[in-house]
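Visitor: File name run_33.cif; file contents mmCIF, C-alpha atoms; full text below.
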```
data_input
#
loop_
_atom_site.label_atom_id
_atom_site.label_comp_id
_atom_site.auth_asym_id
_atom_site.auth_seq_id
_atom_site.Cartn_x
_atom_site.Cartn_y
_atom_site.Cartn_z
CA MET A 1 0.00 0.00 0.00
CA SER A 2 2.98 2.29 0.25
CA ARG A 3 3.58 2.83 -3.46
CA ASP A 4 3.66 6.37 -4.80
CA ARG A 5 0.39 8.02 -5.68
CA ARG A 6 -0.12 11.11 -7.76
CA TYR A 7 -2.01 13.93 -6.07
CA PRO A 8 -3.38 17.10 -7.66
CA GLU A 9 -1.06 20.11 -7.31
CA GLU A 10 -4.01 22.34 -6.58
CA VAL A 11 -5.61 22.51 -3.14
CA SER A 12 -9.37 21.80 -3.05
CA GLY A 13 -11.83 23.47 -0.69
CA PRO A 14 -12.25 25.17 1.65
CA PHE A 15 -14.78 22.76 3.11
CA GLU A 16 -16.86 23.53 6.17
CA SER A 17 -15.91 21.49 9.22
CA PRO A 18 -18.54 19.67 11.34
CA PRO A 19 -20.67 20.01 13.43
CA LEU A 20 -23.25 21.34 11.01
CA SER A 21 -26.88 20.80 10.02
CA PHE A 22 -28.72 20.75 6.73
CA ILE A 23 -32.07 19.82 5.22
CA ASP A 24 -31.85 16.95 2.72
CA ARG A 25 -33.77 16.77 -0.53
CA THR A 26 -36.67 14.97 1.16
CA ASP A 27 -36.94 17.63 3.88
CA ARG A 28 -35.29 15.60 6.62
CA GLU A 29 -33.20 17.60 9.06
CA MET A 30 -29.76 16.01 9.19
CA LYS A 31 -26.87 16.67 11.58
CA LEU A 32 -23.20 16.04 10.87
CA THR A 33 -20.91 15.49 13.86
CA PRO A 34 -17.37 14.18 14.31
CA TYR A 35 -17.26 10.75 16.00
CA ASP A 36 -16.77 11.60 19.67
CA GLY A 37 -15.33 8.28 20.85
CA SER A 38 -18.42 7.48 22.94
CA LYS A 39 -20.03 4.09 23.27
CA GLU A 40 -23.32 5.62 22.03
CA ASP A 41 -21.75 6.81 18.76
CA LYS A 42 -20.11 3.44 18.20
CA GLU A 43 -23.26 1.41 18.89
CA ALA A 44 -25.26 3.67 16.57
CA LEU A 45 -22.68 2.98 13.84
CA VAL A 46 -22.84 -0.77 14.47
CA GLN A 47 -26.62 -0.55 14.03
CA MET A 48 -26.25 1.32 10.73
CA TYR A 49 -23.89 -1.35 9.37
CA LEU A 50 -26.18 -4.16 10.58
CA ASP A 51 -28.93 -2.50 8.50
CA PHE A 52 -26.65 -2.01 5.50
CA ASP A 53 -27.71 -3.65 2.22
CA PRO A 54 -24.95 -6.07 1.15
CA SER A 55 -25.48 -5.06 -2.49
CA ASP A 56 -23.91 -1.70 -1.59
CA ARG A 57 -20.74 -3.27 -0.26
CA ALA A 58 -17.53 -2.08 -1.89
CA GLN A 59 -14.41 -4.25 -2.06
CA GLY A 60 -15.49 -6.33 0.90
CA ILE A 61 -16.55 -3.52 3.24
CA PRO A 62 -18.60 -3.08 5.29
CA PRO A 63 -18.39 -6.72 6.40
CA GLY A 64 -21.62 -8.62 6.93
CA GLN A 65 -21.61 -10.19 10.38
CA GLU A 66 -21.79 -8.25 13.63
CA SER A 67 -18.50 -9.61 14.97
CA ARG A 68 -16.70 -8.63 11.77
CA ILE A 69 -18.44 -5.24 11.72
CA ARG A 70 -17.17 -4.58 15.26
CA THR A 71 -13.60 -5.64 14.45
CA TRP A 72 -13.60 -3.44 11.34
CA LEU A 73 -15.06 -0.46 13.25
CA ASP A 74 -12.41 -0.87 15.97
CA THR A 75 -9.79 -0.25 13.26
CA ILE A 76 -11.38 2.75 11.59
CA LEU A 77 -12.63 4.38 14.81
CA SER A 78 -9.19 4.35 16.44
CA ASP A 79 -7.63 7.61 17.67
CA GLU A 80 -5.55 8.30 14.57
CA CYS A 81 -8.57 8.06 12.23
CA LEU A 82 -11.06 10.87 11.51
CA ASN A 83 -14.77 10.02 11.33
CA VAL A 84 -17.91 12.04 10.61
CA ILE A 85 -21.44 10.74 11.24
CA ALA A 86 -24.64 11.89 9.52
CA TRP A 87 -27.58 11.72 11.95
CA ASP A 88 -31.33 11.66 11.39
CA ASP A 89 -32.28 12.28 15.03
CA GLN A 90 -30.82 9.23 16.86
CA THR A 91 -30.33 7.14 13.71
CA VAL A 92 -27.07 7.03 11.78
CA ALA A 93 -27.86 7.69 8.11
CA GLY A 94 -24.29 7.83 6.86
CA HIS A 95 -20.67 7.64 7.90
CA ALA A 96 -17.43 8.79 6.33
CA THR A 97 -13.91 8.00 7.48
CA LEU A 98 -10.28 8.93 6.90
CA VAL A 99 -7.74 6.22 7.77
CA PRO A 100 -4.02 7.11 7.86
CA ASP A 101 -1.78 5.60 5.17
CA GLY A 102 1.76 6.91 5.39
CA ASP A 103 1.72 10.66 4.70
CA ALA A 104 -1.84 10.49 3.29
CA TYR A 105 -5.29 9.21 4.30
CA GLU A 106 -7.62 6.69 2.68
CA LEU A 107 -11.26 7.81 2.49
CA ALA A 108 -14.49 5.83 2.45
CA ILE A 109 -18.10 6.92 2.71
CA PHE A 110 -21.27 4.89 3.35
CA VAL A 111 -24.87 6.09 3.19
CA LEU A 112 -27.66 3.80 4.38
CA GLN A 113 -29.99 2.80 1.54
CA ALA A 114 -33.04 4.65 2.91
CA TYR A 115 -31.02 7.88 2.87
CA GLN A 116 -29.45 7.63 -0.56
CA GLU A 117 -30.17 10.02 -3.44
CA ALA A 118 -31.04 12.84 -1.05
CA GLY A 119 -27.80 14.83 -1.29
CA ILE A 120 -26.49 13.49 2.04
CA GLY A 121 -23.32 12.00 0.55
CA THR A 122 -22.23 15.38 -0.79
CA TYR A 123 -22.65 17.10 2.60
CA LEU A 124 -21.02 14.16 4.38
CA ILE A 125 -17.90 13.98 2.21
CA LYS A 126 -17.45 17.76 2.20
CA SER A 127 -17.66 17.93 5.97
CA LEU A 128 -15.23 15.02 6.33
CA LEU A 129 -12.75 16.84 4.05
CA GLY A 130 -13.31 20.02 6.12
CA TYR A 131 -12.67 18.02 9.30
CA GLY A 132 -9.55 16.52 7.71
CA ALA A 133 -8.23 19.90 6.54
CA ALA A 134 -8.78 21.32 10.04
CA ASN A 135 -6.70 18.42 11.39
CA ASP A 136 -3.80 19.04 8.97
CA VAL A 137 -4.62 16.20 6.56
CA ARG A 138 -2.78 17.10 3.37
CA LYS A 139 -3.58 14.32 0.92
CA VAL A 140 -6.50 11.90 0.59
CA TRP A 141 -7.04 8.94 -1.75
CA LEU A 142 -9.80 6.43 -2.35
CA THR A 143 -10.74 3.57 -4.62
CA VAL A 144 -14.12 3.16 -6.26
CA GLU A 145 -15.57 0.52 -8.55
CA ARG A 146 -15.52 2.07 -12.00
CA TRP A 147 -19.17 1.13 -12.70
CA ASN A 148 -20.30 3.12 -9.65
CA ARG A 149 -20.96 6.30 -11.61
CA PRO A 150 -22.92 8.19 -8.91
CA ALA A 151 -19.96 7.78 -6.52
CA VAL A 152 -17.36 8.73 -9.14
CA GLY A 153 -19.46 11.81 -9.99
CA LEU A 154 -19.66 12.81 -6.33
CA TYR A 155 -15.91 12.50 -5.84
CA LYS A 156 -15.17 14.53 -8.98
CA LYS A 157 -17.62 17.23 -7.91
CA VAL A 158 -15.75 17.86 -4.65
CA GLY A 159 -12.32 17.91 -6.32
CA PHE A 160 -11.02 14.34 -6.56
CA GLU A 161 -9.01 13.54 -9.69
CA THR A 162 -8.27 10.09 -11.13
CA SER A 163 -4.79 9.04 -9.96
CA ASN A 164 -4.72 5.48 -11.32
CA ALA A 165 -7.08 3.98 -13.87
CA GLU A 166 -5.12 0.80 -14.54
CA SER A 167 -6.43 -1.42 -11.73
CA PHE A 168 -9.75 -3.20 -11.22
CA GLU A 169 -10.88 -0.20 -9.20
CA LEU A 170 -10.51 3.43 -10.09
CA GLU A 171 -8.16 5.29 -7.77
CA MET A 172 -8.81 8.97 -7.07
CA ALA A 173 -6.96 11.60 -5.03
CA ILE A 174 -7.45 15.11 -3.64
CA ARG A 175 -5.19 17.65 -1.96
CA LEU A 176 -6.31 19.64 1.11
CA HIS A 177 -3.06 21.46 1.94
CA LYS A 178 0.14 22.22 0.03
CA ASP A 179 3.23 20.14 0.81
CA PRO A 180 5.61 21.85 3.24
CA THR A 181 8.40 23.61 1.37
CA MET B 182 -6.89 -32.97 -9.01
CA LYS B 183 -3.82 -31.34 -10.53
CA VAL B 184 -3.48 -27.93 -8.89
CA LEU B 185 -1.13 -25.06 -9.71
CA LEU B 186 -0.61 -22.63 -6.83
CA GLY B 187 0.96 -19.37 -7.95
CA ILE B 188 2.55 -17.30 -5.20
CA GLY B 189 4.71 -14.19 -5.28
CA GLY B 190 5.47 -13.47 -1.65
CA ALA B 191 2.88 -10.91 -0.56
CA ASP B 192 0.92 -11.67 2.63
CA ASP B 193 -2.09 -12.99 0.73
CA SER B 194 0.22 -15.50 -1.02
CA ILE B 195 1.28 -16.97 2.29
CA LYS B 196 -2.35 -17.39 3.34
CA ALA B 197 -3.11 -19.08 0.00
CA LEU B 198 -0.13 -21.38 0.56
CA GLU B 199 -1.32 -22.50 3.98
CA LYS B 200 -4.92 -23.10 2.89
CA THR B 201 -3.94 -24.88 -0.32
CA ILE B 202 -1.56 -27.19 1.49
CA ASP B 203 -4.26 -27.96 4.09
CA ARG B 204 -6.70 -28.77 1.31
CA ALA B 205 -4.24 -30.85 -0.68
CA THR B 206 -3.49 -32.85 2.46
CA ALA B 207 -7.20 -33.60 2.86
CA THR B 208 -7.99 -34.32 -0.80
CA ASN B 209 -4.73 -35.78 -2.14
CA ASP B 210 -4.56 -33.07 -4.80
CA GLU B 211 -1.40 -33.20 -6.90
CA LEU B 212 0.10 -29.84 -6.00
CA THR B 213 2.69 -27.74 -7.81
CA VAL B 214 3.81 -24.51 -6.17
CA ALA B 215 4.95 -21.97 -8.75
CA ILE B 216 6.97 -19.13 -7.22
CA VAL B 217 6.64 -16.06 -9.44
CA GLU B 218 8.47 -12.76 -9.48
CA ASN B 219 6.16 -10.19 -7.92
CA PRO B 220 7.90 -6.81 -7.67
CA ASN B 221 5.25 -5.66 -5.15
CA ALA B 222 5.96 -8.56 -2.76
CA ASP B 223 7.62 -8.20 0.62
CA ARG B 224 9.56 -11.47 0.34
CA THR B 225 12.25 -12.63 -2.12
CA PRO B 226 11.66 -15.81 -4.19
CA ASN B 227 14.17 -17.68 -2.01
CA GLU B 228 12.42 -16.60 1.18
CA VAL B 229 9.14 -17.76 -0.36
CA GLU B 230 10.68 -21.14 -1.20
CA ASP B 231 11.84 -21.53 2.41
CA ALA B 232 8.32 -20.78 3.60
CA VAL B 233 6.82 -23.25 1.12
CA GLN B 234 9.23 -26.02 2.19
CA LYS B 235 8.51 -25.32 5.86
CA TYR B 236 4.73 -25.59 5.43
CA LEU B 237 5.07 -28.73 3.28
CA ASP B 238 7.30 -30.36 5.90
CA GLU B 239 4.88 -29.47 8.68
CA ALA B 240 1.98 -30.92 6.68
CA LYS B 241 4.09 -33.96 5.64
CA LEU B 242 2.99 -33.31 2.07
CA SER B 243 5.13 -33.61 -1.02
CA ALA B 244 4.68 -31.10 -3.82
CA THR B 245 6.71 -29.84 -6.74
CA ILE B 246 8.25 -26.41 -6.21
CA ARG B 247 9.32 -24.45 -9.27
CA HIS B 248 10.49 -20.92 -9.91
CA VAL B 249 8.72 -19.16 -12.78
CA GLU B 250 10.47 -16.35 -14.57
CA GLY B 251 8.92 -13.71 -16.78
CA ASP B 252 5.49 -12.12 -16.60
CA PRO B 253 3.76 -13.95 -13.71
CA GLY B 254 0.14 -13.82 -14.92
CA SER B 255 0.71 -14.99 -18.47
CA ARG B 256 3.24 -17.64 -17.42
CA LEU B 257 0.81 -19.14 -14.87
CA VAL B 258 -1.99 -19.30 -17.43
CA ASP B 259 0.36 -20.82 -20.00
CA ILE B 260 1.70 -23.46 -17.61
CA ALA B 261 -1.80 -24.42 -16.43
CA GLU B 262 -3.14 -24.76 -19.95
CA THR B 263 -0.19 -26.57 -21.54
CA GLU B 264 0.68 -28.92 -18.68
CA GLY B 265 -2.76 -30.30 -17.89
CA TYR B 266 -3.59 -28.49 -14.65
CA GLU B 267 -7.25 -28.34 -13.66
CA GLU B 268 -7.10 -25.36 -11.34
CA ILE B 269 -4.98 -22.27 -10.65
CA VAL B 270 -4.97 -21.05 -7.03
CA LEU B 271 -3.86 -17.53 -6.10
CA GLY B 272 -3.88 -15.21 -3.11
CA GLY B 273 -7.16 -13.33 -2.75
CA GLY B 274 -5.73 -9.81 -2.70
CA GLN B 275 -4.28 -7.37 -0.22
CA THR B 276 -6.33 -5.07 1.97
CA SER B 277 -6.01 -1.29 2.11
CA PRO B 278 -5.63 0.54 5.46
CA MET B 279 -9.44 0.91 5.37
CA GLY B 280 -9.89 -2.84 4.91
CA LYS B 281 -10.87 -2.73 1.24
CA ILE B 282 -9.89 -5.81 -0.72
CA GLN B 283 -7.64 -4.98 -3.64
CA ILE B 284 -7.00 -7.60 -6.29
CA GLY B 285 -3.43 -7.61 -7.57
CA GLN B 286 -2.45 -7.36 -11.22
CA ILE B 287 -1.41 -11.01 -11.41
CA ALA B 288 -4.81 -12.20 -10.17
CA GLU B 289 -6.60 -9.77 -12.47
CA PHE B 290 -4.76 -11.09 -15.52
CA VAL B 291 -5.27 -14.74 -14.58
CA LEU B 292 -9.00 -14.27 -13.82
CA LEU B 293 -9.66 -12.64 -17.16
CA ASN B 294 -7.49 -14.89 -19.31
CA SER B 295 -7.37 -18.38 -17.85
CA HIS B 296 -9.46 -21.11 -19.47
CA LYS B 297 -8.93 -23.20 -16.34
CA THR B 298 -10.81 -22.74 -13.07
CA VAL B 299 -9.29 -20.04 -10.87
CA THR B 300 -9.58 -19.95 -7.08
CA LEU B 301 -8.75 -16.85 -5.02
CA VAL B 302 -8.11 -17.76 -1.39
CA ARG B 303 -9.71 -15.59 1.32
#
```
Produce structure tokens that represent the structure in this file.

Guide:
Amino acid sequence: MSRDRRYPEEVSGPFESPPLSFIDRTDREMKLTPYDGSKEDKEALVQMYLDFDPSDRAQGIPPGQESRIRTWLDTILSDECLNVIAWDDQTVAGHATLVPDGDAYELAIFVLQAYQEAGIGTYLIKSLLGYGAANDVRKVWLTVERWNRPAVGLYKKVGFETSNAESFELEMAIRLHKDPT
Amino acid sequence: MKVLLGIGGADDSIKALEKTIDRATATNDELTVAIVENPNADRTPNEVEDAVQKYLDEAKLSATIRHVEGDPGSRLVDIAETEGYEEIVLGGGQTSPMGKIQIGQIAEFVLLNSHKTVTLVR
């Protein structure tokens, strides 16, 4: 995983950092908050992934069984990772995460099926990038299945550029801060 | 069954090695371990051979070990098709820091081009 990736020269953003609220396209009031490390936040995330439709899995995540979900969440909710949760009242509607990878971060975003196609993903990824930028994250990359056009479109819209098109999955990257000179 | 296990020395290769040896022990598969040159691997071909020999000894299984030079994907497909193998077994991919499964270029080539059954070990 440590091979060189190309990142855009240009810095994207600025993106607003959470917490923030918005009304989605179906008039639901949504809140975006950073994961606070509490048991309540974690259990609400477990519940979202238990409800997750396996047809929306990407490259094996989220895993399907509760024990595997918990092991996976332990990794991506650790102190060095950055997580933002989209809430509909007490229910988690979506979750986006930045996991450190050398001098960059890997990004993933998940929106529960009942909350898709309502503009939540756009707010969620922007606020995660704002949260990352506020925490000195310089470079972010992700992989996406190339047939997943809505996702690719979302990533392009916020500033991701294709960094590698030669693998099974499309690899995309974005820059949030300039490299130190 | 005549099985060709292709391994290059990444972590998923070692897992494929263990599981394939376990299976061959149970089924009496005729196993050949082909050690390929994978520039992305963490282990050298000689280190891989040591690991293969160690697992075979532990399992008390005999298998042919051969080193394959040249492009790994096309060589594995060619060997399987010309030498009467029924199945190619490969590692099932590495995982990203996030836990996403990423299929390597060797597996991608073999999956798309092999006319023999391909198994990716998870």

Visitor: What is the distance, in Å and to one decimal place, between atom CA of B:Leu257 and atom CA of B:Ile287?

Guide: 9.1 Å

Visitor: Give me, as a list in words, the contact residues of chain A against chain B at a cut-off of 7 Å, counting all atoms listed in the file.

Guide: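 Here they are: Met1, Gln59, Gly60, Ile61, Ile76, Val99, Asp101 and Glu106 of chain A.
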
Visitor: With a distance cut-off of 8 Å and only C-alpha atoms, select the neighbouring residues of stretch 294-299 of chain B, excluding the residue or stretch itself and same-chain residues fewer than 6 positions from it, and output the selection as an MDAnalysis selection string.

Guide: chainID B and resid 258 261:262 266:271

Visitor: Restricting it to C-alpha atoms, dump the selection as a short mmCIF file (atom, residue, chain, number, x, y, z; two decimals), keeping the file's coordinate frame.

Guide:
```cif
data_model
loop_
_atom_site.label_atom_id
_atom_site.label_comp_id
_atom_site.auth_asym_id
_atom_site.auth_seq_id
_atom_site.Cartn_x
_atom_site.Cartn_y
_atom_site.Cartn_z
CA VAL B 258 -1.99 -19.30 -17.43
CA ALA B 261 -1.80 -24.42 -16.43
CA GLU B 262 -3.14 -24.76 -19.95
CA TYR B 266 -3.59 -28.49 -14.65
CA GLU B 267 -7.25 -28.34 -13.66
CA GLU B 268 -7.10 -25.36 -11.34
CA ILE B 269 -4.98 -22.27 -10.65
CA VAL B 270 -4.97 -21.05 -7.03
CA LEU B 271 -3.86 -17.53 -6.10
#
```

Visitor: To one decimal in Å, tell me the separation between atom CA of A:Met172 and atom CA of A:Tyr7.

Guide: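 Going from atom CA of A:Met172 over to atom CA of A:Tyr7 covers 8.5 Å.
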
Visitor: How far is it from atom CA of A:Leu142 to atom CA of B:Pro253, in Å with one decimal?

Guide: 27.0 Å

Visitor: Within 9 Å of A:Lys178, counting all atoms listed in the file, which residues show up once you throw out same-chain ones fewer than 6 positions away? Write them as a list of chain:residue names, please.

Guide: A:Glu9, A:Glu10, A:Val11, A:Arg138, A:Lys139

Visitor: Got a sec to resolve the PyMOL selection byres ((chain B and resi 217-219) around 10) on this structure and send the residues as a PyMOL selection string?

Guide: chain B and resi 187-191+214-216+220-226+229+247-254+256-257+285-287

Visitor: Using all atoms listed in the file for the distances, tell me which of B:Ser194, B:Thr206, B:Val302, B:Met182 is nearest to B:Lys241.

Guide: B:Thr206

Visitor: Selection in question (the file shown): the PyMOL selection byres ((chain B and resi 236) around 12). Which residues does it include, as a ChimeraX atom specification?

Guide: /B:195-203,206,214,229-235,237-244

Visitor: Can you turn the PyMOL selection byres ((chain A and resi 162) around 7) into a concrete residue list for this file, as an MDAnalysis selection string?

Guide: chainID A and resid 160:161 163:165 171:173

Visitor: Nearest to A:Ile174 among A:Leu154, A:Ala134, A:Leu129, A:Leu73, with distances taken over only C-alpha atoms: which residue is it?

Guide: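 The answer is A:Leu129, which sits nearest to A:Ile174.
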
Visitor: List the neighbours of A:Asp24 out to 8 Å using all atoms listed in the file; skip same-chain residues closer than 3 positions along the sequence, and give me the result as number ranges by chain.

Guide: A: 27-30, 118-120

Visitor: If we count all atoms listed in the file and set the cut-off at 10 Å, which residues sit around A:Leu77, ignoring sequence neighbours fewer than 6 positions away in its own chain? Please answer as a PyMOL selection string.

Guide: chain A and resi 35-37+42+83+97-99

Visitor: If I only have part of stretch 2-38 of chain A, can you fill in N, CA and C atoms and write it as an mmCIF file, keeping the file's coordinate frame?

Guide:
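Okay, selection-v1.cif is ready:
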```
data_model
loop_
_atom_site.group_PDB
_atom_site.id
_atom_site.type_symbol
_atom_site.label_atom_id
_atom_site.label_comp_id
_atom_site.auth_asym_id
_atom_site.auth_seq_id
_atom_site.Cartn_x
_atom_site.Cartn_y
_atom_site.Cartn_z
ATOM 1 N N SER A 2 2.153 1.107 0.039
ATOM 2 C CA SER A 2 2.980 2.290 0.250
ATOM 3 C C SER A 2 3.509 2.868 -1.063
ATOM 4 N N ARG A 3 3.028 2.322 -2.201
ATOM 5 C CA ARG A 3 3.580 2.830 -3.460
ATOM 6 C C ARG A 3 3.150 4.271 -3.701
ATOM 7 N N ASP A 4 3.905 4.946 -4.571
ATOM 8 C CA ASP A 4 3.660 6.370 -4.800
ATOM 9 C C ASP A 4 2.333 6.600 -5.497
ATOM 10 N N ARG A 5 1.625 7.611 -5.027
ATOM 11 C CA ARG A 5 0.390 8.020 -5.680
ATOM 12 C C ARG A 5 0.558 9.433 -6.181
ATOM 13 N N ARG A 6 -0.150 9.738 -7.262
ATOM 14 C CA ARG A 6 -0.120 11.110 -7.760
ATOM 15 C C ARG A 6 -1.281 11.877 -7.119
ATOM 16 N N TYR A 7 -0.979 13.063 -6.643
ATOM 17 C CA TYR A 7 -2.010 13.930 -6.070
ATOM 18 C C TYR A 7 -2.093 15.213 -6.880
ATOM 19 N N PRO A 8 -3.291 15.821 -6.953
ATOM 20 C CA PRO A 8 -3.380 17.100 -7.660
ATOM 21 C C PRO A 8 -2.440 18.122 -7.006
ATOM 22 N N GLU A 9 -1.895 19.026 -7.838
ATOM 23 C CA GLU A 9 -1.060 20.110 -7.310
ATOM 24 C C GLU A 9 -1.941 21.083 -6.529
ATOM 25 N N GLU A 10 -3.135 21.305 -7.106
ATOM 26 C CA GLU A 10 -4.010 22.340 -6.580
ATOM 27 C C GLU A 10 -4.748 21.875 -5.326
ATOM 28 N N VAL A 11 -4.895 22.800 -4.380
ATOM 29 C CA VAL A 11 -5.610 22.510 -3.140
ATOM 30 C C VAL A 11 -7.114 22.672 -3.372
ATOM 31 N N SER A 12 -7.914 21.689 -2.949
ATOM 32 C CA SER A 12 -9.370 21.800 -3.050
ATOM 33 C C SER A 12 -9.948 22.379 -1.763
ATOM 34 N N GLY A 13 -11.167 22.888 -1.856
ATOM 35 C CA GLY A 13 -11.830 23.470 -0.690
ATOM 36 C C GLY A 13 -11.870 24.984 -0.803
ATOM 37 N N PRO A 14 -12.110 25.699 0.298
ATOM 38 C CA PRO A 14 -12.250 25.170 1.650
ATOM 39 C C PRO A 14 -13.591 24.466 1.862
ATOM 40 N N PHE A 15 -13.575 23.495 2.755
ATOM 41 C CA PHE A 15 -14.780 22.760 3.110
ATOM 42 C C PHE A 15 -15.130 23.084 4.559
ATOM 43 N N GLU A 16 -16.426 23.196 4.825
ATOM 44 C CA GLU A 16 -16.860 23.530 6.170
ATOM 45 C C GLU A 16 -16.688 22.311 7.087
ATOM 46 N N SER A 17 -16.163 22.573 8.278
ATOM 47 C CA SER A 17 -15.910 21.490 9.220
ATOM 48 C C SER A 17 -17.138 21.235 10.094
ATOM 49 N N PRO A 18 -17.410 19.966 10.461
ATOM 50 C CA PRO A 18 -18.540 19.670 11.340
ATOM 51 C C PRO A 18 -18.264 20.190 12.752
ATOM 52 N N PRO A 19 -19.268 20.375 13.627
ATOM 53 C CA PRO A 19 -20.670 20.010 13.430
ATOM 54 C C PRO A 19 -21.419 21.001 12.535
ATOM 55 N N LEU A 20 -22.356 20.478 11.762
ATOM 56 C CA LEU A 20 -23.250 21.340 11.010
ATOM 57 C C LEU A 20 -24.550 20.605 10.687
ATOM 58 N N SER A 21 -25.562 21.365 10.320
ATOM 59 C CA SER A 21 -26.880 20.800 10.020
ATOM 60 C C SER A 21 -27.304 21.209 8.622
ATOM 61 N N PHE A 22 -28.176 20.400 8.038
ATOM 62 C CA PHE A 22 -28.720 20.750 6.730
ATOM 63 C C PHE A 22 -30.047 20.030 6.548
ATOM 64 N N ILE A 23 -30.818 20.485 5.570
ATOM 65 C CA ILE A 23 -32.070 19.820 5.220
ATOM 66 C C ILE A 23 -31.827 19.039 3.940
ATOM 67 N N ASP A 24 -32.113 17.729 3.937
ATOM 68 C CA ASP A 24 -31.850 16.950 2.720
ATOM 69 C C ASP A 24 -32.979 17.144 1.715
ATOM 70 N N ARG A 25 -32.827 16.502 0.555
ATOM 71 C CA ARG A 25 -33.770 16.770 -0.530
ATOM 72 C C ARG A 25 -35.171 16.247 -0.249
ATOM 73 N N THR A 26 -35.323 15.410 0.794
ATOM 74 C CA THR A 26 -36.670 14.970 1.160
ATOM 75 C C THR A 26 -37.129 15.633 2.449
ATOM 76 N N ASP A 27 -36.534 16.804 2.733
ATOM 77 C CA ASP A 27 -36.940 17.630 3.880
ATOM 78 C C ASP A 27 -36.649 17.018 5.247
ATOM 79 N N ARG A 28 -35.699 16.116 5.311
ATOM 80 C CA ARG A 28 -35.290 15.600 6.620
ATOM 81 C C ARG A 28 -34.199 16.523 7.174
ATOM 82 N N GLU A 29 -34.254 16.782 8.463
ATOM 83 C CA GLU A 29 -33.200 17.600 9.060
ATOM 84 C C GLU A 29 -32.064 16.680 9.508
ATOM 85 N N MET A 30 -30.898 16.881 8.921
ATOM 86 C CA MET A 30 -29.760 16.010 9.190
ATOM 87 C C MET A 30 -28.693 16.788 9.951
ATOM 88 N N LYS A 31 -27.996 16.073 10.851
ATOM 89 C CA LYS A 31 -26.870 16.670 11.580
ATOM 90 C C LYS A 31 -25.594 15.913 11.251
ATOM 91 N N LEU A 32 -24.508 16.660 11.078
ATOM 92 C CA LEU A 32 -23.200 16.040 10.870
ATOM 93 C C LEU A 32 -22.330 16.339 12.076
ATOM 94 N N THR A 33 -21.799 15.277 12.707
ATOM 95 C CA THR A 33 -20.910 15.490 13.860
ATOM 96 C C THR A 33 -19.677 14.611 13.724
ATOM 97 N N PRO A 34 -18.532 15.081 14.248
ATOM 98 C CA PRO A 34 -17.370 14.180 14.310
ATOM 99 C C PRO A 34 -17.669 13.058 15.294
ATOM 100 N N TYR A 35 -17.151 11.863 15.035
ATOM 101 C CA TYR A 35 -17.260 10.750 16.000
ATOM 102 C C TYR A 35 -16.571 11.187 17.280
ATOM 103 N N ASP A 36 -17.303 11.048 18.415
ATOM 104 C CA ASP A 36 -16.770 11.600 19.670
ATOM 105 C C ASP A 36 -16.114 10.537 20.553
ATOM 106 N N GLY A 37 -15.986 9.315 20.060
ATOM 107 C CA GLY A 37 -15.330 8.280 20.850
ATOM 108 C C GLY A 37 -16.243 7.619 21.867
ATOM 109 N N SER A 38 -17.521 8.037 21.917
ATOM 110 C CA SER A 38 -18.420 7.480 22.940
ATOM 111 C C SER A 38 -18.967 6.121 22.507
#
```
